[in-house]
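Below is the file run-v3.txt, which contains compact mmCIF, N, CA and C atoms.
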# COMPACT_ATOMS: atom_id res chain seq x y z
N MET A 28 -11.47 8.66 3.59
CA MET A 28 -11.27 7.37 2.97
C MET A 28 -9.87 7.34 2.35
N PHE A 29 -9.19 6.20 2.52
CA PHE A 29 -7.90 6.03 1.87
C PHE A 29 -7.85 4.65 1.23
N ASP A 30 -6.99 4.53 0.24
CA ASP A 30 -6.81 3.26 -0.45
C ASP A 30 -5.37 3.17 -0.91
N ILE A 31 -4.76 2.02 -0.67
CA ILE A 31 -3.42 1.74 -1.15
C ILE A 31 -3.47 0.36 -1.80
N GLY A 32 -2.95 0.26 -2.98
CA GLY A 32 -2.94 -1.02 -3.68
C GLY A 32 -1.80 -1.07 -4.66
N GLY A 33 -1.56 -2.23 -5.19
CA GLY A 33 -0.47 -2.32 -6.15
C GLY A 33 -0.22 -3.71 -6.64
N GLY A 34 0.93 -3.88 -7.18
CA GLY A 34 1.32 -5.16 -7.76
C GLY A 34 2.53 -4.98 -8.63
N ARG A 35 2.53 -5.70 -9.74
CA ARG A 35 3.61 -5.63 -10.72
C ARG A 35 3.01 -5.20 -12.06
N PRO A 36 2.81 -3.90 -12.26
CA PRO A 36 2.19 -3.45 -13.52
C PRO A 36 3.10 -3.70 -14.71
N LYS A 37 2.50 -3.73 -15.88
CA LYS A 37 3.25 -3.90 -17.12
C LYS A 37 3.02 -2.68 -18.01
N ILE A 38 4.08 -2.26 -18.67
CA ILE A 38 3.99 -1.22 -19.69
C ILE A 38 4.47 -1.85 -20.98
N TYR A 39 3.58 -1.94 -21.95
CA TYR A 39 3.88 -2.60 -23.22
C TYR A 39 4.50 -3.98 -22.99
N PHE A 40 3.86 -4.77 -22.13
CA PHE A 40 4.24 -6.16 -21.83
C PHE A 40 5.55 -6.29 -21.05
N VAL A 41 6.10 -5.18 -20.59
CA VAL A 41 7.32 -5.21 -19.78
C VAL A 41 6.94 -5.01 -18.33
N PRO A 42 7.16 -6.03 -17.46
CA PRO A 42 6.77 -5.87 -16.05
C PRO A 42 7.71 -4.92 -15.31
N LEU A 43 7.11 -4.09 -14.46
CA LEU A 43 7.87 -3.21 -13.58
C LEU A 43 8.05 -3.91 -12.24
N ASP A 44 8.96 -3.37 -11.43
CA ASP A 44 9.10 -3.89 -10.07
C ASP A 44 7.83 -3.58 -9.29
N ARG A 45 7.76 -4.07 -8.06
CA ARG A 45 6.60 -3.84 -7.21
C ARG A 45 6.30 -2.35 -7.12
N ARG A 46 5.03 -1.99 -7.29
CA ARG A 46 4.60 -0.60 -7.24
C ARG A 46 3.33 -0.49 -6.41
N LEU A 47 3.18 0.64 -5.74
CA LEU A 47 1.95 0.93 -5.00
C LEU A 47 1.36 2.24 -5.48
N LEU A 48 0.04 2.27 -5.47
CA LEU A 48 -0.73 3.49 -5.71
C LEU A 48 -1.40 3.84 -4.39
N GLY A 49 -1.55 5.10 -4.12
CA GLY A 49 -2.25 5.48 -2.91
C GLY A 49 -3.07 6.73 -3.14
N VAL A 50 -4.16 6.84 -2.39
CA VAL A 50 -4.98 8.04 -2.43
C VAL A 50 -5.65 8.20 -1.07
N PHE A 51 -5.82 9.44 -0.66
CA PHE A 51 -6.52 9.75 0.58
C PHE A 51 -7.47 10.90 0.26
N TYR A 52 -8.75 10.69 0.52
CA TYR A 52 -9.74 11.75 0.39
C TYR A 52 -10.00 12.29 1.79
N TYR A 53 -9.59 13.53 2.01
CA TYR A 53 -9.68 14.11 3.34
C TYR A 53 -10.42 15.44 3.25
N GLU A 54 -11.58 15.50 3.88
CA GLU A 54 -12.41 16.70 3.91
C GLU A 54 -12.57 17.31 2.52
N GLY A 55 -12.91 16.46 1.56
CA GLY A 55 -13.19 16.91 0.20
C GLY A 55 -11.98 17.12 -0.68
N LYS A 56 -10.79 16.94 -0.15
CA LYS A 56 -9.56 17.14 -0.92
C LYS A 56 -8.92 15.79 -1.23
N GLU A 57 -8.46 15.63 -2.47
CA GLU A 57 -7.79 14.39 -2.87
C GLU A 57 -6.28 14.55 -2.75
N TYR A 58 -5.67 13.62 -2.03
CA TYR A 58 -4.22 13.52 -1.94
C TYR A 58 -3.84 12.28 -2.76
N ASP A 59 -3.18 12.49 -3.90
CA ASP A 59 -2.93 11.43 -4.87
C ASP A 59 -1.46 11.02 -4.85
N PHE A 60 -1.23 9.72 -4.72
CA PHE A 60 0.12 9.17 -4.71
C PHE A 60 0.20 8.06 -5.77
N ASN A 61 0.03 8.45 -7.02
CA ASN A 61 0.00 7.51 -8.14
C ASN A 61 1.31 7.64 -8.91
N PHE A 62 2.13 6.58 -8.89
CA PHE A 62 3.45 6.62 -9.51
C PHE A 62 3.39 6.91 -11.02
N SER A 63 2.25 6.62 -11.66
CA SER A 63 2.15 6.83 -13.10
C SER A 63 1.90 8.29 -13.47
N LYS A 64 1.59 9.12 -12.48
CA LYS A 64 1.43 10.56 -12.72
C LYS A 64 2.78 11.22 -12.48
N LEU A 65 3.59 11.25 -13.52
CA LEU A 65 4.98 11.66 -13.41
C LEU A 65 5.14 13.08 -12.87
N HIS A 66 4.21 13.96 -13.17
CA HIS A 66 4.31 15.34 -12.70
C HIS A 66 4.23 15.47 -11.18
N LEU A 67 3.71 14.43 -10.50
CA LEU A 67 3.62 14.46 -9.03
C LEU A 67 4.91 14.00 -8.35
N LYS A 68 5.82 13.38 -9.11
CA LYS A 68 7.11 12.89 -8.58
C LYS A 68 6.90 12.04 -7.32
N VAL A 69 6.07 11.02 -7.45
CA VAL A 69 5.71 10.18 -6.32
C VAL A 69 6.86 9.25 -5.95
N LYS A 70 7.14 9.18 -4.65
CA LYS A 70 8.11 8.24 -4.09
C LYS A 70 7.37 7.39 -3.07
N THR A 71 7.63 6.09 -3.09
CA THR A 71 6.98 5.19 -2.15
C THR A 71 8.02 4.25 -1.53
N ASP A 72 7.96 4.12 -0.23
CA ASP A 72 8.73 3.12 0.51
C ASP A 72 7.73 2.29 1.28
N PHE A 73 7.87 0.96 1.19
CA PHE A 73 6.95 0.12 1.95
C PHE A 73 7.62 -1.17 2.36
N SER A 74 7.05 -1.74 3.42
CA SER A 74 7.53 -3.03 3.88
C SER A 74 6.35 -3.85 4.38
N PHE A 75 6.53 -5.14 4.37
CA PHE A 75 5.54 -6.08 4.86
C PHE A 75 6.29 -7.07 5.75
N GLU A 76 5.71 -7.34 6.91
CA GLU A 76 6.34 -8.27 7.84
C GLU A 76 5.29 -9.26 8.32
N GLU A 77 5.63 -10.53 8.25
CA GLU A 77 4.75 -11.57 8.78
C GLU A 77 5.24 -11.93 10.18
N LEU A 78 4.44 -11.57 11.17
CA LEU A 78 4.76 -11.86 12.57
C LEU A 78 4.13 -13.20 12.96
N ASP A 79 4.32 -13.62 14.21
CA ASP A 79 3.75 -14.90 14.64
C ASP A 79 2.23 -14.92 14.56
N ASP A 80 1.58 -13.84 15.00
CA ASP A 80 0.12 -13.85 15.06
C ASP A 80 -0.54 -12.75 14.22
N ALA A 81 0.26 -11.99 13.47
CA ALA A 81 -0.29 -10.88 12.69
C ALA A 81 0.59 -10.61 11.47
N VAL A 82 0.07 -9.78 10.59
CA VAL A 82 0.87 -9.25 9.49
C VAL A 82 0.89 -7.74 9.64
N HIS A 83 1.95 -7.11 9.13
CA HIS A 83 2.20 -5.69 9.41
C HIS A 83 2.73 -5.00 8.14
N TRP A 84 2.05 -3.92 7.76
CA TRP A 84 2.47 -3.12 6.62
C TRP A 84 2.89 -1.74 7.12
N THR A 85 3.96 -1.20 6.53
CA THR A 85 4.30 0.21 6.70
C THR A 85 4.50 0.78 5.29
N VAL A 86 3.87 1.92 5.05
CA VAL A 86 3.94 2.55 3.74
C VAL A 86 4.16 4.04 3.94
N ARG A 87 5.14 4.57 3.24
CA ARG A 87 5.35 6.03 3.22
C ARG A 87 5.32 6.46 1.77
N GLN A 88 4.36 7.34 1.44
CA GLN A 88 4.22 7.84 0.09
C GLN A 88 4.35 9.35 0.11
N GLU A 89 5.04 9.86 -0.90
CA GLU A 89 5.32 11.29 -0.96
C GLU A 89 5.13 11.77 -2.39
N ASN A 90 4.52 12.94 -2.54
CA ASN A 90 4.48 13.60 -3.83
C ASN A 90 4.97 15.04 -3.64
N ILE A 91 4.81 15.89 -4.64
CA ILE A 91 5.35 17.25 -4.53
C ILE A 91 4.55 18.12 -3.56
N HIS A 92 3.35 17.65 -3.17
CA HIS A 92 2.48 18.45 -2.30
C HIS A 92 2.30 17.89 -0.88
N ALA A 93 2.48 16.57 -0.72
CA ALA A 93 2.07 15.96 0.55
C ALA A 93 2.84 14.67 0.83
N VAL A 94 2.67 14.18 2.06
CA VAL A 94 3.23 12.90 2.50
C VAL A 94 2.14 12.15 3.24
N MET A 95 2.05 10.84 3.00
CA MET A 95 1.12 9.98 3.73
C MET A 95 1.92 8.81 4.30
N GLU A 96 1.83 8.64 5.62
CA GLU A 96 2.50 7.53 6.31
C GLU A 96 1.43 6.63 6.90
N THR A 97 1.47 5.37 6.51
CA THR A 97 0.44 4.42 6.90
C THR A 97 1.08 3.23 7.60
N GLU A 98 0.47 2.81 8.70
CA GLU A 98 0.89 1.60 9.40
C GLU A 98 -0.35 0.78 9.70
N VAL A 99 -0.37 -0.46 9.22
CA VAL A 99 -1.55 -1.31 9.34
C VAL A 99 -1.15 -2.69 9.85
N PHE A 100 -1.99 -3.24 10.72
CA PHE A 100 -1.84 -4.60 11.23
C PHE A 100 -3.12 -5.38 10.94
N CYS A 101 -2.98 -6.68 10.79
CA CYS A 101 -4.15 -7.55 10.69
C CYS A 101 -3.79 -8.88 11.35
N ARG A 102 -4.68 -9.35 12.22
CA ARG A 102 -4.44 -10.63 12.91
C ARG A 102 -4.58 -11.78 11.92
N LYS A 103 -3.63 -12.70 11.93
CA LYS A 103 -3.69 -13.86 11.03
C LYS A 103 -4.94 -14.69 11.28
N ALA A 104 -5.39 -14.75 12.53
CA ALA A 104 -6.59 -15.54 12.86
C ALA A 104 -7.83 -15.00 12.14
N ASP A 105 -7.80 -13.72 11.74
CA ASP A 105 -8.93 -13.10 11.04
C ASP A 105 -8.75 -13.12 9.52
N MET A 106 -7.69 -13.76 9.04
CA MET A 106 -7.37 -13.71 7.62
C MET A 106 -7.43 -15.10 6.98
N LEU A 107 -7.46 -15.09 5.67
CA LEU A 107 -7.34 -16.31 4.88
C LEU A 107 -5.95 -16.36 4.28
N LEU A 108 -5.32 -17.52 4.34
CA LEU A 108 -4.07 -17.75 3.63
C LEU A 108 -4.45 -18.50 2.36
N VAL A 109 -4.51 -17.77 1.25
CA VAL A 109 -5.06 -18.30 0.00
C VAL A 109 -3.99 -19.06 -0.77
N ASN A 110 -4.36 -20.25 -1.22
CA ASN A 110 -3.50 -21.03 -2.09
C ASN A 110 -4.03 -20.86 -3.51
N TYR A 111 -3.63 -19.76 -4.16
CA TYR A 111 -4.19 -19.39 -5.46
C TYR A 111 -3.47 -20.12 -6.58
N GLU A 112 -4.26 -20.75 -7.42
CA GLU A 112 -3.73 -21.40 -8.62
C GLU A 112 -4.40 -20.76 -9.83
N ALA A 113 -3.59 -20.30 -10.79
CA ALA A 113 -4.10 -19.65 -12.00
C ALA A 113 -4.84 -20.67 -12.88
N PRO A 114 -5.69 -20.20 -13.77
CA PRO A 114 -6.42 -21.11 -14.67
C PRO A 114 -5.52 -22.03 -15.49
N ASP A 115 -4.29 -21.60 -15.76
CA ASP A 115 -3.37 -22.46 -16.53
C ASP A 115 -2.66 -23.49 -15.66
N GLY A 116 -3.00 -23.53 -14.37
CA GLY A 116 -2.43 -24.52 -13.45
C GLY A 116 -1.18 -24.03 -12.72
N SER A 117 -0.68 -22.87 -13.08
CA SER A 117 0.53 -22.36 -12.42
C SER A 117 0.16 -21.73 -11.06
N LYS A 118 1.13 -21.78 -10.16
CA LYS A 118 0.97 -21.17 -8.84
C LYS A 118 2.05 -20.11 -8.70
N ARG A 119 1.64 -18.85 -8.89
CA ARG A 119 2.62 -17.77 -8.92
C ARG A 119 2.57 -16.87 -7.68
N HIS A 120 1.59 -17.04 -6.82
CA HIS A 120 1.52 -16.26 -5.59
C HIS A 120 1.94 -17.14 -4.43
N ASN A 121 2.80 -16.63 -3.60
CA ASN A 121 3.25 -17.36 -2.42
C ASN A 121 2.82 -16.59 -1.17
N ARG A 122 2.22 -17.30 -0.24
CA ARG A 122 1.77 -16.72 1.03
C ARG A 122 0.88 -15.52 0.77
N LEU A 123 -0.22 -15.75 0.09
CA LEU A 123 -1.19 -14.71 -0.25
C LEU A 123 -2.19 -14.57 0.90
N TRP A 124 -2.08 -13.47 1.65
CA TRP A 124 -2.93 -13.20 2.81
C TRP A 124 -4.07 -12.28 2.43
N ASN A 125 -5.30 -12.58 2.89
CA ASN A 125 -6.47 -11.73 2.66
C ASN A 125 -7.27 -11.60 3.95
N GLY A 126 -7.69 -10.38 4.27
CA GLY A 126 -8.51 -10.16 5.46
C GLY A 126 -9.20 -8.82 5.40
N GLY A 127 -10.13 -8.61 6.32
CA GLY A 127 -10.89 -7.38 6.33
C GLY A 127 -11.01 -6.73 7.69
N ASN A 128 -10.21 -7.16 8.64
CA ASN A 128 -10.31 -6.60 9.99
C ASN A 128 -9.02 -5.93 10.44
N GLY A 129 -8.34 -5.29 9.50
CA GLY A 129 -7.10 -4.59 9.84
C GLY A 129 -7.35 -3.32 10.63
N TRP A 130 -6.31 -2.84 11.29
CA TRP A 130 -6.38 -1.59 12.03
C TRP A 130 -5.02 -0.90 11.94
N GLY A 131 -5.03 0.40 12.13
CA GLY A 131 -3.77 1.13 12.09
C GLY A 131 -3.97 2.62 12.09
N THR A 132 -2.94 3.33 11.63
CA THR A 132 -2.98 4.78 11.59
C THR A 132 -2.52 5.28 10.22
N VAL A 133 -3.06 6.42 9.86
CA VAL A 133 -2.63 7.13 8.66
C VAL A 133 -2.30 8.55 9.09
N LYS A 134 -1.08 8.96 8.81
CA LYS A 134 -0.67 10.34 9.09
C LYS A 134 -0.55 11.05 7.75
N LEU A 135 -1.22 12.19 7.65
CA LEU A 135 -1.24 12.96 6.42
C LEU A 135 -0.58 14.31 6.67
N TYR A 136 0.38 14.66 5.82
CA TYR A 136 1.12 15.90 5.96
C TYR A 136 1.02 16.71 4.67
N ASP A 137 0.93 18.02 4.79
CA ASP A 137 1.10 18.94 3.67
C ASP A 137 2.55 19.40 3.69
N LYS A 138 3.09 19.63 2.50
CA LYS A 138 4.42 20.22 2.39
C LYS A 138 4.27 21.73 2.31
N LYS A 139 4.90 22.42 3.23
CA LYS A 139 4.91 23.88 3.26
C LYS A 139 6.37 24.34 3.29
N ASP A 140 6.81 24.97 2.22
CA ASP A 140 8.21 25.37 2.08
C ASP A 140 9.09 24.14 2.26
N ASP A 141 9.96 24.11 3.25
CA ASP A 141 10.83 22.95 3.47
C ASP A 141 10.38 22.12 4.66
N ALA A 142 9.13 22.30 5.10
CA ALA A 142 8.64 21.61 6.30
C ALA A 142 7.41 20.77 5.98
N LEU A 143 7.18 19.78 6.84
CA LEU A 143 5.96 18.98 6.79
C LEU A 143 5.02 19.49 7.88
N VAL A 144 3.78 19.74 7.51
CA VAL A 144 2.77 20.21 8.45
C VAL A 144 1.72 19.12 8.58
N LEU A 145 1.56 18.59 9.81
CA LEU A 145 0.59 17.52 10.03
C LEU A 145 -0.82 18.03 9.77
N VAL A 146 -1.50 17.38 8.83
CA VAL A 146 -2.91 17.69 8.54
C VAL A 146 -3.78 16.96 9.54
N ASP A 147 -3.51 15.64 9.69
CA ASP A 147 -4.28 14.84 10.65
C ASP A 147 -3.61 13.48 10.81
N GLU A 148 -3.86 12.89 11.97
CA GLU A 148 -3.49 11.50 12.23
C GLU A 148 -4.80 10.76 12.47
N VAL A 149 -5.08 9.80 11.61
CA VAL A 149 -6.36 9.11 11.62
C VAL A 149 -6.17 7.67 12.09
N GLU A 150 -7.01 7.26 13.05
CA GLU A 150 -7.05 5.86 13.44
C GLU A 150 -8.06 5.17 12.53
N ALA A 151 -7.63 4.09 11.88
CA ALA A 151 -8.48 3.38 10.94
C ALA A 151 -8.73 1.96 11.43
N THR A 152 -9.95 1.47 11.21
CA THR A 152 -10.30 0.09 11.58
C THR A 152 -11.05 -0.56 10.43
N HIS A 153 -11.22 -1.86 10.53
CA HIS A 153 -11.92 -2.64 9.51
C HIS A 153 -11.30 -2.42 8.12
N ILE A 154 -9.98 -2.41 8.09
CA ILE A 154 -9.25 -2.19 6.85
C ILE A 154 -9.15 -3.50 6.08
N GLY A 155 -9.44 -3.45 4.80
CA GLY A 155 -9.22 -4.60 3.92
C GLY A 155 -7.73 -4.75 3.67
N CYS A 156 -7.21 -5.94 3.90
CA CYS A 156 -5.78 -6.19 3.81
C CYS A 156 -5.50 -7.35 2.88
N GLU A 157 -4.51 -7.18 2.04
CA GLU A 157 -4.08 -8.28 1.16
C GLU A 157 -2.59 -8.13 0.90
N TYR A 158 -1.90 -9.26 0.87
CA TYR A 158 -0.49 -9.25 0.53
C TYR A 158 -0.10 -10.60 -0.02
N GLY A 159 0.71 -10.58 -1.05
CA GLY A 159 1.28 -11.79 -1.60
C GLY A 159 2.37 -11.43 -2.58
N GLU A 160 3.39 -12.21 -2.64
CA GLU A 160 4.46 -11.98 -3.61
C GLU A 160 4.15 -12.76 -4.88
N TYR A 161 4.31 -12.09 -6.01
CA TYR A 161 4.05 -12.68 -7.31
C TYR A 161 5.35 -13.11 -7.95
N ASP A 162 5.43 -14.35 -8.36
CA ASP A 162 6.61 -14.88 -9.03
C ASP A 162 6.29 -14.98 -10.52
N PRO A 163 6.89 -14.10 -11.36
CA PRO A 163 6.53 -14.08 -12.77
C PRO A 163 7.02 -15.29 -13.57
N GLU A 164 7.85 -16.10 -13.00
CA GLU A 164 8.39 -17.27 -13.73
C GLU A 164 7.35 -18.34 -13.93
Produce structure tokens that represent the structure in this file.
Amino acid sequence: MFDIGGGRPKIYFVPLDRRLLGVFYYEGKEYDFNFSKLHLKVKTDFSFEELDDAVHWTVRQENIHAVMETEVFCRKADMLLVNYEAPDGSKRHNRLWNGGNGWGTVKLYDKKDDALVLVDEVEATHIGCEYGEYDPE
């Protein structure tokens, strides 16, 4: 099982830039990619692309022990384009996509000395997918 999620967290009411958390439970072992656990020195690179008929995420997360590379697609026809309005009447999310039929791959690597050792490449289906940009103004 793996999970990647995020947003714009706040620390003492100060918003941070976009952040992602990730975790992969593989054969009883937890691979944790949580940016708030400073001792893990987590680095995350991610992108989101809206194609004509699908949406596409690529995420690379690294900590001092491991690397997880994730690529996920979801067909727009299987998703909802949510027009979310907050209770105060403001509309701060633009192009908020939600779906549950994503598919893709997750590559998990252990760090050994100065090399990456592939633990496994997993094909994933029926992935819950969500993306939207939050405008704090």
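Atom CA of A:Tyr53 lies 9.1 Å from atom CA of A:Asp147.
Picture a line from atom C of A:Leu108 to atom N of A:Thr85; it runs 19.7 Å.
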In Å, with one decimal, what is the gap from atom CA of A:Glu160 to atom C of A:Lys64?
24.9 Å
Closest of A:Val109, A:Gly159, A:Val146, A:Gly131 to A:Glu76, counting only C-alpha atoms, is A:Gly159
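All protein and nucleic acid residues in the vicinity of (-0.5, -17.2, 4.2), that is within 8 Å when counting all atoms listed in the file, are Met106, Leu107, Leu108, Val109, Asn110, Asn121, Arg122, Leu123, Trp124, Asn125 and Tyr158 of chain A.
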Counting only N, CA and C atoms, write as a count of residues only all protein and nucleic acid residues lying at most 5 Å from (-7.2, 8.9, -0.8) in the file's frame.
6
Rank A:Ser74, A:Thr132, A:Ser117, A:Asn61 by their smallest atom-to-atom distance to A:Glu89, using all atoms listed in the file, and report the top residue only.
A:Asn61
Enumerate the residues of chain A with a DSSP assignment of strand (DSSP E or B), computed from the backbone, and present them as a PyMOL selection string.
chain A and resi 29-34+37-38+41-42+46-53+56-61+70-77+81-89+93-102+106-109+120-139+142-161
Find, counting all atoms listed in the file, the residue in A:Tyr136, A:Arg102, A:Trp130, A:Glu54 that gets nearest to A:Glu150.
A:Trp130
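Nearest to A:Gly49 of all the residues A:Glu148, A:Glu96, A:Asp137, A:Asp80 is A:Glu96, based on only C-alpha atoms.
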Identify, on the basis of all atoms listed in the file, every residue whose closest approach to A:Cys156 does not exceed 8 Å; exclude the query and any residue fewer than 6 positions from it along the same chain; express the result as a ChimeraX atom specification.
/A:100-101,124-129
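Taking the backbone of this structure through DSSP, the residues of stretch 67-119 of chain A that come out as helix (DSSP H, G or I) are A:Leu67, A:Lys103, A:Ala104, A:Asp105.
With distances taken over only N, CA and C atoms, A:Val133 is the one residue among A:Gly116, A:Tyr111, A:Val133, A:Thr71 lying closest to A:Glu98.
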